[in-house]
Amino acid sequence: MSGHSKWATIKRKKASADARRGQAFTRLAKEITIAAREGPDPDANFRLRLAVDKARAENMPKENIERAIRRGAGLDKDAAALEEVMYEGYGPHGIAFLVSVVTDNRNRSLADIRRAFNRAGGSMGAAGSVAWQFEQKSYFSLETEGRDHDTLFDIAVESGADDVVFSDNMVEIYAEPSDFQIIREGLQLRGLKIDTAELTMVPKTTVSLDEKQAFQNMTLISSLEEIDDVQDVYSNLDITDELMAKYEEQE
């Protein structure tokens, strides 16, 4: 699983505050709006609480959060226009992709995503052609901050983790979706600062490519993430620390 969400974590950390923040807030607002359809109370709506926590972690203004909740609760007329879609496809050299979208125009989103795949030498896939290769997981990432790996591993497992992956100064923790809150509280009670806490799609197996082939797929990930309607991009590409460092150098 190593590298699955590391890409997103590193990209968030290196993103320009001004250039990326507006786009990030737009995506977060959409996520909150969709979640609020299941109920406007974060205490009673786990998905909404997760979306609001993510928005707060990104320092999204309180009024923006409240406005998005009102939209989702049906108090604003434009909320009904948004819909969730999961597109599937293959990048160069057979890498599997899932692209999560929230949009008010499905045709526009599909055209933009198909264009990105085609330019990269990939192709869109039919529904179900890729999704079977992924499973939903609770995901947490945090900096090791000089802590002993064995200690962190024990804390994660005692909190309910299924898998713990160390890389550089970061640890990634995976678990079943139903264990999300238990693990988050367990990590927090032990004084650990969580950088990322989310439900995500994780590939059942990853694929390693040579540097040139991997970069082609990483460029496709970046292109898809730049599309306004795209919320998340998941792939089964194994992005190693070395690949990530080299890719950052060329950007």
# chains A, B, ... in the order shown; residues from 1 in each chain; ligands from 1
>>> residues_around(residues="Tyr139 in chain A", least_positions_apart="3", cutoff="7 Å", atoms="only C-alpha atoms", output="number ranges by chain")
A: 173-175, 197-200
>>> select_by_dssp(residues="range 110-251 of chain A", states="helix (DSSP H, G or I)", output="PyMOL selection string")
chain A and resi 110-120+131-133+149-159+177-189+211-225+241-250
>>> closest_atom_pairs(of="range 78-155 of chain A", to="range 201-205 of chain A", cutoff="8 Å", atoms="only C-alpha atoms", output="tab-separated table")
residue	atom	partner	partner_atom	distance
A:Gln133	CA	A:Lys204	CA	5.8
A:Phe134	CA	A:Pro203	CA	4.2
A:Glu135	CA	A:Val202	CA	5.4
A:Gln136	CA	A:Met201	CA	4.5
A:Lys137	CA	A:Met201	CA	6.1
>>> atom_distance(atom1="CA of Gln231 in chain A", atom2="CA of Glu31 in chain A")
8.0 Å
>>> closest_atom_pairs(of="range 127-212 of chain A", to="range 71-90 of chain A", cutoff="8 Å", atoms="only C-alpha atoms", output="CSV")
residue,atom,partner,partner_atom,distance
A:Ala127,CA,A:Glu88,CA,6.5
A:Gly128,CA,A:Glu88,CA,7.6
A:Ser129,CA,A:Glu88,CA,7.0
A:Val130,CA,A:Glu88,CA,5.8
A:Ala131,CA,A:Glu88,CA,7.1
>>> write_last_selection(atoms="N, CA and C atoms", output="compact mmCIF listing (two decimals), in the first residue's frame")
# COMPACT_ATOMS: atom_id res chain seq x y z
N ALA A 127 -17.93 1.06 -16.36
CA ALA A 127 -18.21 0.94 -14.94
C ALA A 127 -17.91 -0.48 -14.46
N GLY A 128 -17.12 -0.60 -13.40
CA GLY A 128 -16.78 -1.90 -12.86
C GLY A 128 -15.49 -2.49 -13.39
N SER A 129 -14.92 -1.88 -14.42
CA SER A 129 -13.72 -2.43 -15.04
C SER A 129 -12.48 -2.24 -14.17
N VAL A 130 -12.52 -1.25 -13.29
CA VAL A 130 -11.37 -0.93 -12.45
C VAL A 130 -11.70 -1.04 -10.95
N ALA A 131 -12.93 -0.69 -10.60
CA ALA A 131 -13.32 -0.57 -9.19
C ALA A 131 -13.02 -1.82 -8.37
>>> residues_around(residues="Met218 in chain A", least_positions_apart="3", cutoff="9 Å", atoms="only C-alpha atoms", output="PyMOL selection string")
chain A and resi 213-215+221-223+237+239+247
>>> residues_around(residues="range 163-166 of chain A", least_positions_apart="5", cutoff="8 Å", atoms="only C-alpha atoms", output="list in words")
Met1, Ser2, His149, Phe153, Ala156, Val157, Val171, Glu172, Ile173, Tyr174 and Ala175 of chain A
>>> write_last_selection(atoms="N, CA, C and O atoms", output="CSV table (one decimal), in the first residue's frame")
chain,number,residue,atom,x,y,z
A,1,MET,N,0.8,-1.2,0.0
A,1,MET,CA,0.0,0.0,0.0
A,1,MET,C,0.9,1.3,0.0
A,1,MET,O,0.4,2.4,-0.2
A,2,SER,N,2.1,1.1,0.2
A,2,SER,CA,3.0,2.3,0.4
A,2,SER,C,2.9,3.2,-0.8
A,2,SER,O,2.9,2.8,-1.9
A,149,HIS,N,10.0,3.8,15.7
A,149,HIS,CA,9.0,3.1,14.8
A,149,HIS,C,8.3,2.0,15.5
A,149,HIS,O,7.1,1.8,15.2
A,153,PHE,N,4.3,1.7,15.8
A,153,PHE,CA,3.6,0.5,15.2
A,153,PHE,C,2.7,-0.1,16.3
A,153,PHE,O,1.5,-0.4,16.0
A,156,ALA,N,-0.4,2.1,16.8
A,156,ALA,CA,-1.3,1.9,15.7
A,156,ALA,C,-2.1,0.6,15.7
A,156,ALA,O,-3.3,0.6,15.6
A,157,VAL,N,-1.4,-0.5,16.0
A,157,VAL,CA,-2.1,-1.8,16.1
A,157,VAL,C,-3.0,-1.9,17.2
A,157,VAL,O,-4.1,-2.4,17.1
A,171,VAL,N,4.4,8.1,8.7
A,171,VAL,CA,3.8,6.8,8.9
A,171,VAL,C,2.4,6.9,8.4
A,171,VAL,O,1.7,7.8,8.6
A,172,GLU,N,2.0,5.8,7.6
A,172,GLU,CA,0.7,5.7,7.1
A,172,GLU,C,0.0,4.5,7.7
A,172,GLU,O,0.6,3.5,7.8
A,173,ILE,N,-1.2,4.8,8.1
A,173,ILE,CA,-2.0,3.7,8.9
A,173,ILE,C,-3.3,3.4,8.1
A,173,ILE,O,-4.0,4.4,7.7
A,174,TYR,N,-3.6,2.2,7.9
A,174,TYR,CA,-4.8,1.7,7.2
A,174,TYR,C,-5.6,0.8,8.1
A,174,TYR,O,-5.1,0.1,8.9
A,175,ALA,N,-6.9,0.9,8.0
A,175,ALA,CA,-7.9,0.1,8.8
A,175,ALA,C,-9.2,0.0,8.1
A,175,ALA,O,-9.4,0.7,7.1
